[in-house]
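As structure tokens, the structure follows; a few thoughts come after it.
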Amino acid sequence: MKVRLVALLALVAALLAVPATAANAVRAAQTVEAEDGVLDGVVVESDAAGYSGTGYVAGFDTATDTLTMTIPDSPGGLHSLTVRYSAPFGTKTATLRLNGAGHGDVVLTESTAFTSAAAGKVLLLEGDNTVTIVNNWGWYYIDAITVEPVNPPPPHQVTGTLVNPHAAAEAKGLMRYLTANFGKNLISGQQDMPSVEWVRENVGATPAIAGLDMMDYSPSRVERGATSEEVERALQWDAEGGITTFVWHWNAPSGLIDEPGKEWWRGFYTDATTFDVAAALADKDSQDYRLLIRDMDAIAVQLKRLADADVPVLWRPLHEAEGGWFWWGAKGPEAAKELWRILYERLTDHHGLNNLIWVWNSVSPAWYPGDDVVDVVSVDSYPPAGDHGPLSGQYEKLVDLSGNRKLVALGEVGSIPDPALARAYHAHWSFFVTWSGSFVQDGQHNSLEFLKRVYQDPHVITRDELGDFKNHGSGCTAAYRVLSSWDTGFLGEVKVKNTSAATIKGWTVGWRPPAGQAVTRHWNTALTVSGGRITAGNTRYNAAVRPGATTSFGFLATGPATTPAHLSCTTEPDR
């Protein structure tokens, strides 16, 4: 195994260094029939019509059932993998191994006829290679596999523009930062602050993203005594320079079964509630619909605390909807999509929450709510423990889902994809967030040696490498300083610098003054105060600023001479 690993790493290095066209032209597609493979617990059958070759493999009904097919005499290199199958008993999932190592899963969509499923890319060694199909959900038929050399992917079409036209400057800056790194670097993340601390203490690096949960702010949990300090944790994390993402394990608004195995605190699971989201959405005058809106408004209160502190949030509600195990996905895609749109409109239009970057979290096109309400597409992936495959199949489905116009991310992951393999497979994940507890600490899903390799990878970004992501790509910076102070106030100055390569013809600086401060006079700026935020824009005579040049404005203020935690700076490019 060690020899094959060395060979694989050498092949990865060669792929990253050699033009892809050299490998693409070596060989055409190659098909291997399932009935020619090595069978363990499965059998060859020929009763169902439409198979190729002399039969197909069936009998996937226990966890240890496997089918191993050999791809002979390969020239090596990156290939696409297609599985020809039939799934007459419903949509299933099969687990893949490449040359004995874990390689993620492939979804076999329900089909009574033999059809094909894209299973992503495989990085083949020179010579013979094996592809093993492991049962997983089972009850499907495997007819054949096909591998074909791949062409390099087309350039990404991601612009970094948020779907909310009124997005806050900090959210825009974070989105520009994510977009600038997409396809180049992988941004690290970890769910739950205790696990973040574990990574910091044991791996010697701090994840760039902290994953937190709005779960215990759900009204049906609060009614039963639940409390949360997740927002306080997010505020502290932001002050320390990290990126924040929130999921919402939304406890059902009503219908909690609350019996052993289906306790009230499991109320986000479909089997722990009788709440019917489709029925609630069908009757906008119903009590259950009003409870949906009540819950959204309760979460809006918490998100507004973050907005008021200029904290941009990677917001990932209604996650894993297509799985059906959470109540918001239990009634199918139409109800889930409608609920997403109502949530988007309630938080964005009604509550004016402009600090959110909306992260969708299902792969199937049937579930996608639309480009106009999604900023990032993502998937949650839990491959077998220790499987560090690139998850290229899921990545490519998300790219196709969004027409290559959205960032693609791993909202949750058990075993982290190997960053070097992900690059070799052109699986350009924007960020990952490892789930908490045993997934990061047990040494099985991610060994400590592997975690250190991930966090030391030159293309993996940690918190100390983020910089000022809130102002990234804005075209300017704003530096605040106190020139003099006295018992009741102070004299302040803000210096604006053009950091772009072109002359700007306008600029705006924003900040939230510390408690007790109030601006009483100002000059060289058009300054307004609204909702506790100060917005200072250019005047007619200091709007244009050359590349590298600065301009400044001043003000008098009452209160303590304390520097704000964050200043935003945005520009209008010269035309």
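Following the order of the structure tokens, first chain is A, next is B, and so on, with residues numbered from 1 inside each chain and ligands from 1 in the order they appear.
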Using only C-alpha atoms, which protein or nucleic acid residues come within 10 Å of A:Phe555? Drop anything in the same chain fewer than 5 positions from it, and give the result as a PDB file with all heavy atoms, in the first residue's frame.
ATOM      1  N   VAL A 482      -7.243  59.261  16.360  1.00  0.00           N
ATOM      2  CA  VAL A 482      -7.622  60.360  17.249  1.00  0.00           C
ATOM      3  C   VAL A 482      -6.464  61.356  17.283  1.00  0.00           C
ATOM      4  O   VAL A 482      -5.348  61.013  17.680  1.00  0.00           O
ATOM      5  CB  VAL A 482      -7.940  59.842  18.658  1.00  0.00           C
ATOM      6  CG1 VAL A 482      -8.219  61.009  19.596  1.00  0.00           C
ATOM      7  CG2 VAL A 482      -9.137  58.896  18.623  1.00  0.00           C
ATOM      8  N   PHE A 490     -13.376  64.454  21.492  1.00  0.00           N
ATOM      9  CA  PHE A 490     -12.091  64.311  20.809  1.00  0.00           C
ATOM     10  C   PHE A 490     -12.194  64.816  19.373  1.00  0.00           C
ATOM     11  O   PHE A 490     -13.297  65.019  18.831  1.00  0.00           O
ATOM     12  CB  PHE A 490     -11.624  62.859  20.817  1.00  0.00           C
ATOM     13  CG  PHE A 490     -12.522  61.896  20.080  1.00  0.00           C
ATOM     14  CD1 PHE A 490     -12.263  61.538  18.758  1.00  0.00           C
ATOM     15  CD2 PHE A 490     -13.630  61.343  20.707  1.00  0.00           C
ATOM     16  CE1 PHE A 490     -13.066  60.645  18.097  1.00  0.00           C
ATOM     17  CE2 PHE A 490     -14.443  60.445  20.047  1.00  0.00           C
ATOM     18  CZ  PHE A 490     -14.165  60.093  18.738  1.00  0.00           C
ATOM     19  N   LEU A 491     -11.036  65.012  18.774  1.00  0.00           N
ATOM     20  CA  LEU A 491     -10.890  65.383  17.368  1.00  0.00           C
ATOM     21  C   LEU A 491     -10.388  64.162  16.610  1.00  0.00           C
ATOM     22  O   LEU A 491      -9.368  63.578  16.974  1.00  0.00           O
ATOM     23  CB  LEU A 491      -9.902  66.540  17.215  1.00  0.00           C
ATOM     24  CG  LEU A 491      -9.452  66.903  15.796  1.00  0.00           C
ATOM     25  CD1 LEU A 491     -10.621  67.428  14.975  1.00  0.00           C
ATOM     26  CD2 LEU A 491      -8.320  67.938  15.851  1.00  0.00           C
ATOM     27  N   GLY A 492     -11.127  63.744  15.567  1.00  0.00           N
ATOM     28  CA  GLY A 492     -10.762  62.553  14.826  1.00  0.00           C
ATOM     29  C   GLY A 492     -10.497  62.828  13.359  1.00  0.00           C
ATOM     30  O   GLY A 492     -10.953  63.830  12.803  1.00  0.00           O
ATOM     31  N   GLU A 493      -9.751  61.921  12.743  1.00  0.00           N
ATOM     32  CA  GLU A 493      -9.446  62.008  11.316  1.00  0.00           C
ATOM     33  C   GLU A 493      -9.521  60.607  10.707  1.00  0.00           C
ATOM     34  O   GLU A 493      -9.124  59.625  11.336  1.00  0.00           O
ATOM     35  CB  GLU A 493      -8.043  62.577  11.094  1.00  0.00           C
ATOM     36  CG  GLU A 493      -7.651  62.661   9.621  1.00  0.00           C
ATOM     37  CD  GLU A 493      -6.182  62.992   9.441  1.00  0.00           C
ATOM     38  OE1 GLU A 493      -5.331  62.163   9.842  1.00  0.00           O
ATOM     39  OE2 GLU A 493      -5.890  64.073   8.901  1.00  0.00           O
ATOM     40  N   VAL A 494     -10.022  60.523   9.500  1.00  0.00           N
ATOM     41  CA  VAL A 494     -10.029  59.284   8.736  1.00  0.00           C
ATOM     42  C   VAL A 494      -9.313  59.531   7.423  1.00  0.00           C
ATOM     43  O   VAL A 494      -9.655  60.467   6.680  1.00  0.00           O
ATOM     44  CB  VAL A 494     -11.460  58.771   8.483  1.00  0.00           C
ATOM     45  CG1 VAL A 494     -11.421  57.543   7.577  1.00  0.00           C
ATOM     46  CG2 VAL A 494     -12.153  58.444   9.801  1.00  0.00           C
ATOM     47  N   VAL A 519     -20.876  62.091  16.674  1.00  0.00           N
ATOM     48  CA  VAL A 519     -20.215  63.106  15.867  1.00  0.00           C
ATOM     49  C   VAL A 519     -21.042  64.384  15.913  1.00  0.00           C
ATOM     50  O   VAL A 519     -22.261  64.366  15.670  1.00  0.00           O
ATOM     51  CB  VAL A 519     -20.042  62.617  14.416  1.00  0.00           C
ATOM     52  CG1 VAL A 519     -19.511  63.748  13.531  1.00  0.00           C
ATOM     53  CG2 VAL A 519     -19.102  61.421  14.370  1.00  0.00           C
ATOM     54  N   THR A 520     -20.393  65.493  16.233  1.00  0.00           N
ATOM     55  CA  THR A 520     -21.097  66.781  16.328  1.00  0.00           C
ATOM     56  C   THR A 520     -20.796  67.718  15.166  1.00  0.00           C
ATOM     57  O   THR A 520     -21.630  68.543  14.789  1.00  0.00           O
ATOM     58  CB  THR A 520     -20.726  67.483  17.639  1.00  0.00           C
ATOM     59  OG1 THR A 520     -19.298  67.646  17.710  1.00  0.00           O
ATOM     60  CG2 THR A 520     -21.203  66.652  18.837  1.00  0.00           C
ATOM     61  N   ARG A 521     -19.601  67.600  14.579  1.00  0.00           N
ATOM     62  CA  ARG A 521     -19.221  68.408  13.408  1.00  0.00           C
ATOM     63  C   ARG A 521     -18.338  67.562  12.507  1.00  0.00           C
ATOM     64  O   ARG A 521     -17.663  66.631  12.970  1.00  0.00           O
ATOM     65  CB  ARG A 521     -18.459  69.670  13.823  1.00  0.00           C
ATOM     66  CG  ARG A 521     -19.288  70.727  14.531  1.00  0.00           C
ATOM     67  CD  ARG A 521     -18.434  71.966  14.779  1.00  0.00           C
ATOM     68  NE  ARG A 521     -17.881  72.504  13.537  1.00  0.00           N
ATOM     69  CZ  ARG A 521     -16.913  73.431  13.477  1.00  0.00           C
ATOM     70  NH1 ARG A 521     -16.376  73.886  14.603  1.00  0.00           N
ATOM     71  NH2 ARG A 521     -16.477  73.869  12.316  1.00  0.00           N
ATOM     72  N   HIS A 522     -18.325  67.889  11.225  1.00  0.00           N
ATOM     73  CA  HIS A 522     -17.462  67.161  10.287  1.00  0.00           C
ATOM     74  C   HIS A 522     -17.096  68.064   9.119  1.00  0.00           C
ATOM     75  O   HIS A 522     -17.777  69.059   8.838  1.00  0.00           O
ATOM     76  CB  HIS A 522     -18.162  65.897   9.784  1.00  0.00           C
ATOM     77  CG  HIS A 522     -19.514  66.147   9.154  1.00  0.00           C
ATOM     78  ND1 HIS A 522     -19.670  66.520   7.840  1.00  0.00           N
ATOM     79  CD2 HIS A 522     -20.753  66.097   9.694  1.00  0.00           C
ATOM     80  CE1 HIS A 522     -20.954  66.667   7.571  1.00  0.00           C
ATOM     81  NE2 HIS A 522     -21.643  66.426   8.689  1.00  0.00           N
ATOM     82  N   TRP A 523     -16.015  67.744   8.415  1.00  0.00           N
ATOM     83  CA  TRP A 523     -15.577  68.514   7.255  1.00  0.00           C
ATOM     84  C   TRP A 523     -14.906  67.603   6.237  1.00  0.00           C
ATOM     85  O   TRP A 523     -14.445  66.514   6.566  1.00  0.00           O
ATOM     86  CB  TRP A 523     -14.630  69.644   7.672  1.00  0.00           C
ATOM     87  CG  TRP A 523     -13.509  69.225   8.576  1.00  0.00           C
ATOM     88  CD1 TRP A 523     -12.263  68.845   8.231  1.00  0.00           C
ATOM     89  CD2 TRP A 523     -13.565  69.151  10.005  1.00  0.00           C
ATOM     90  NE1 TRP A 523     -11.517  68.524   9.326  1.00  0.00           N
ATOM     91  CE2 TRP A 523     -12.283  68.713  10.435  1.00  0.00           C
ATOM     92  CE3 TRP A 523     -14.558  69.412  10.952  1.00  0.00           C
ATOM     93  CZ2 TRP A 523     -11.982  68.524  11.784  1.00  0.00           C
ATOM     94  CZ3 TRP A 523     -14.256  69.231  12.287  1.00  0.00           C
ATOM     95  CH2 TRP A 523     -12.988  68.794  12.698  1.00  0.00           C
ATOM     96  N   ASN A 524     -14.920  68.053   4.998  1.00  0.00           N
ATOM     97  CA  ASN A 524     -14.368  67.307   3.855  1.00  0.00           C
ATOM     98  C   ASN A 524     -15.079  65.979   3.627  1.00  0.00           C
ATOM     99  O   ASN A 524     -14.509  65.055   3.035  1.00  0.00           O
ATOM    100  CB  ASN A 524     -12.863  67.048   4.025  1.00  0.00           C
ATOM    101  CG  ASN A 524     -12.065  68.335   4.022  1.00  0.00           C
ATOM    102  OD1 ASN A 524     -12.510  69.350   3.474  1.00  0.00           O
ATOM    103  ND2 ASN A 524     -10.899  68.308   4.657  1.00  0.00           N
ATOM    104  N   THR A 525     -16.317  65.883   4.060  1.00  0.00           N
ATOM    105  CA  THR A 525     -17.100  64.659   3.846  1.00  0.00           C
ATOM    106  C   THR A 525     -18.580  64.968   3.935  1.00  0.00           C
ATOM    107  O   THR A 525     -18.990  65.932   4.606  1.00  0.00           O
ATOM    108  CB  THR A 525     -16.742  63.581   4.883  1.00  0.00           C
ATOM    109  OG1 THR A 525     -17.485  62.394   4.609  1.00  0.00           O
ATOM    110  CG2 THR A 525     -17.072  64.027   6.300  1.00  0.00           C
ATOM    111  N   LEU A 527     -21.482  63.399   5.614  1.00  0.00           N
ATOM    112  CA  LEU A 527     -21.613  62.406   6.679  1.00  0.00           C
ATOM    113  C   LEU A 527     -23.053  62.315   7.167  1.00  0.00           C
ATOM    114  O   LEU A 527     -23.703  63.335   7.404  1.00  0.00           O
ATOM    115  CB  LEU A 527     -20.667  62.759   7.830  1.00  0.00           C
ATOM    116  CG  LEU A 527     -20.512  61.754   8.971  1.00  0.00           C
ATOM    117  CD1 LEU A 527     -19.091  61.781   9.526  1.00  0.00           C
ATOM    118  CD2 LEU A 527     -21.514  62.030  10.094  1.00  0.00           C
TER     119      LEU A 527
END
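For stretch 431-480 of chain A, a DSSP pass over the backbone yields strand (DSSP E) at Phe432, Val433, Thr434, Val460, Ile461, Cys476, Thr477, Ala478, Ala479 and Tyr480 of chain A.
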Writer output for current selection, N, CA, C and O atoms, as a CSV table (one decimal), in the first residue's frame:
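And here is the file that came out, out.csv:
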chain,number,residue,atom,x,y,z
A,432,PHE,N,-14.2,24.3,3.4
A,432,PHE,CA,-14.8,23.1,4.1
A,432,PHE,C,-15.0,23.5,5.6
A,432,PHE,O,-14.3,24.3,6.2
A,433,VAL,N,-16.0,22.8,6.2
A,433,VAL,CA,-16.2,22.9,7.6
A,433,VAL,C,-16.3,21.5,8.2
A,433,VAL,O,-17.3,20.8,7.9
A,434,THR,N,-15.3,21.1,8.9
A,434,THR,CA,-15.3,19.7,9.5
A,434,THR,C,-16.3,19.7,10.6
A,434,THR,O,-16.4,20.6,11.4
A,460,VAL,N,-4.0,25.9,1.7
A,460,VAL,CA,-5.1,25.9,2.7
A,460,VAL,C,-4.9,27.1,3.6
A,460,VAL,O,-3.9,27.3,4.2
A,461,ILE,N,-6.0,27.9,3.7
A,461,ILE,CA,-5.9,29.2,4.4
A,461,ILE,C,-6.4,29.0,5.8
A,461,ILE,O,-7.5,28.4,6.0
A,476,CYS,N,-10.1,50.5,-1.7
A,476,CYS,CA,-9.6,51.5,-0.8
A,476,CYS,C,-9.5,51.0,0.6
A,476,CYS,O,-10.1,49.9,1.0
A,477,THR,N,-8.8,51.7,1.5
A,477,THR,CA,-8.7,51.4,2.9
A,477,THR,C,-9.0,52.7,3.7
A,477,THR,O,-8.8,53.8,3.1
A,478,ALA,N,-9.5,52.5,4.9
A,478,ALA,CA,-9.7,53.7,5.7
A,478,ALA,C,-9.0,53.5,7.0
A,478,ALA,O,-9.1,52.5,7.7
A,479,ALA,N,-8.2,54.5,7.4
A,479,ALA,CA,-7.4,54.5,8.6
A,479,ALA,C,-8.0,55.6,9.6
A,479,ALA,O,-8.0,56.8,9.2
A,480,TYR,N,-8.3,55.2,10.8
A,480,TYR,CA,-9.0,56.1,11.7
A,480,TYR,C,-8.0,56.4,12.8
A,480,TYR,O,-7.3,55.5,13.4
Discussion item. DSSP on the backbone: which residues in stretch 249-377 of chain A end up as alpha helix (DSSP H)? Give the answer as a PyMOL selection string.
Written reply: chain A and resi 277-282+287-308+333-345
Item to complete: Write out as a count of residues only each polymer residue whose atoms come within 10 Å of A:Ala515, counting only C-alpha atoms; drop sequence neighbours fewer than 6 positions from it.
Response: 5
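Picture a line from atom CA of A:Gly510 to atom CA of A:Arg533; it runs 7.0 Å.
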Item to complete: Would you mind listing what lies within 9 Å of stretch 158-168 of chain A as a ChimeraX atom specification, with only C-alpha atoms counted and same-chain residues fewer than 3 positions away left out?
Response: /A:171-173,175-180,182,307,310,312,348,352-358,371-375,404-407
Go ahead and write the residues just picked, C-alpha atoms, as a PDB file, in the first residue's frame.
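Heads up, here's the output in part-v9.pdb:
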ATOM      1  CA  ALA A 171     -20.644  40.885   3.131  1.00  0.00           C
ATOM      2  CA  LYS A 172     -19.486  42.142  -0.261  1.00  0.00           C
ATOM      3  CA  GLY A 173     -15.889  42.159   0.939  1.00  0.00           C
ATOM      4  CA  MET A 175     -17.713  37.435  -1.019  1.00  0.00           C
ATOM      5  CA  ARG A 176     -14.955  39.104  -3.044  1.00  0.00           C
ATOM      6  CA  TYR A 177     -12.391  37.384  -0.822  1.00  0.00           C
ATOM      7  CA  LEU A 178     -13.977  33.976  -1.335  1.00  0.00           C
ATOM      8  CA  THR A 179     -14.209  34.580  -5.081  1.00  0.00           C
ATOM      9  CA  ALA A 180     -10.579  35.713  -5.371  1.00  0.00           C
ATOM     10  CA  PHE A 182     -11.828  30.158  -5.604  1.00  0.00           C
ATOM     11  CA  ALA A 307     -25.474  42.752  11.402  1.00  0.00           C
ATOM     12  CA  ASP A 310     -20.771  44.387  10.983  1.00  0.00           C
ATOM     13  CA  PRO A 312     -20.944  38.989   7.623  1.00  0.00           C
ATOM     14  CA  THR A 348     -33.721  40.224   3.502  1.00  0.00           C
ATOM     15  CA  GLY A 352     -33.316  44.246   6.135  1.00  0.00           C
ATOM     16  CA  LEU A 353     -30.582  41.763   7.040  1.00  0.00           C
ATOM     17  CA  ASN A 354     -27.913  42.656   4.507  1.00  0.00           C
ATOM     18  CA  ASN A 355     -25.013  40.838   6.173  1.00  0.00           C
ATOM     19  CA  LEU A 356     -26.003  37.365   4.916  1.00  0.00           C
ATOM     20  CA  ILE A 357     -24.343  35.293   2.188  1.00  0.00           C
ATOM     21  CA  TRP A 358     -26.934  32.655   1.283  1.00  0.00           C
ATOM     22  CA  ASP A 371     -29.913  31.605  -8.874  1.00  0.00           C
ATOM     23  CA  ASP A 372     -31.649  34.768  -7.667  1.00  0.00           C
ATOM     24  CA  VAL A 373     -31.749  33.616  -4.018  1.00  0.00           C
ATOM     25  CA  VAL A 374     -28.481  31.649  -3.735  1.00  0.00           C
ATOM     26  CA  ASP A 375     -24.916  32.955  -3.418  1.00  0.00           C
ATOM     27  CA  ASN A 404     -20.490  27.369 -13.026  1.00  0.00           C
ATOM     28  CA  ARG A 405     -21.645  30.795 -11.770  1.00  0.00           C
ATOM     29  CA  LYS A 406     -21.630  30.132  -8.003  1.00  0.00           C
ATOM     30  CA  LEU A 407     -18.979  29.318  -5.439  1.00  0.00           C
TER      31      LEU A 407
END
Discussion item. With only C-alpha atoms as the counted atoms, please give the residues lying no more than 6 Å from stretch 140-147 of chain A, apart from itself and same-chain residues fewer than 2 positions off, as a VMD selection string.
Written reply: chain A and resid 29 to 34 56 to 58 79 to 87 138
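The gap separating atom CA of A:Val199 from atom CA of A:Asp238 is 17.8 Å, in Å to one decimal.
Excluding A:Lys505 itself and same-chain residues fewer than 2 positions from it, the residues having an atom within 12 Å of it are Gly475, Cys476, Asn498, Ser500, Ala502, Thr503, Trp507, Thr508, Gly537, Asn538, Thr539, Arg540, Tyr541, Asn542, Ala543, Ala544, Val545, Arg546, Pro547, Thr570, Thr571, Glu572, Pro573, Asp574 and Arg575 of chain A, counting only C-alpha atoms.
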Practice prompt. Write out as a list in words which residues come within 10 Å of A:Ala63 when counting only C-alpha atoms, dropping same-chain ones fewer than 6 positions away.
Written response: Gly41, Val134, Asn135, Asn136, Trp137 and Gly138 of chain A
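In this model, the gap between atom CA of A:Leu448 and atom CA of A:Leu212 comes to 23.0 Å.
With only C-alpha atoms as the basis for measurement, A:Val399 is the residue among A:Val399, A:Ala518, A:Ile416, A:Ala409 that approaches A:Pro154 most closely.
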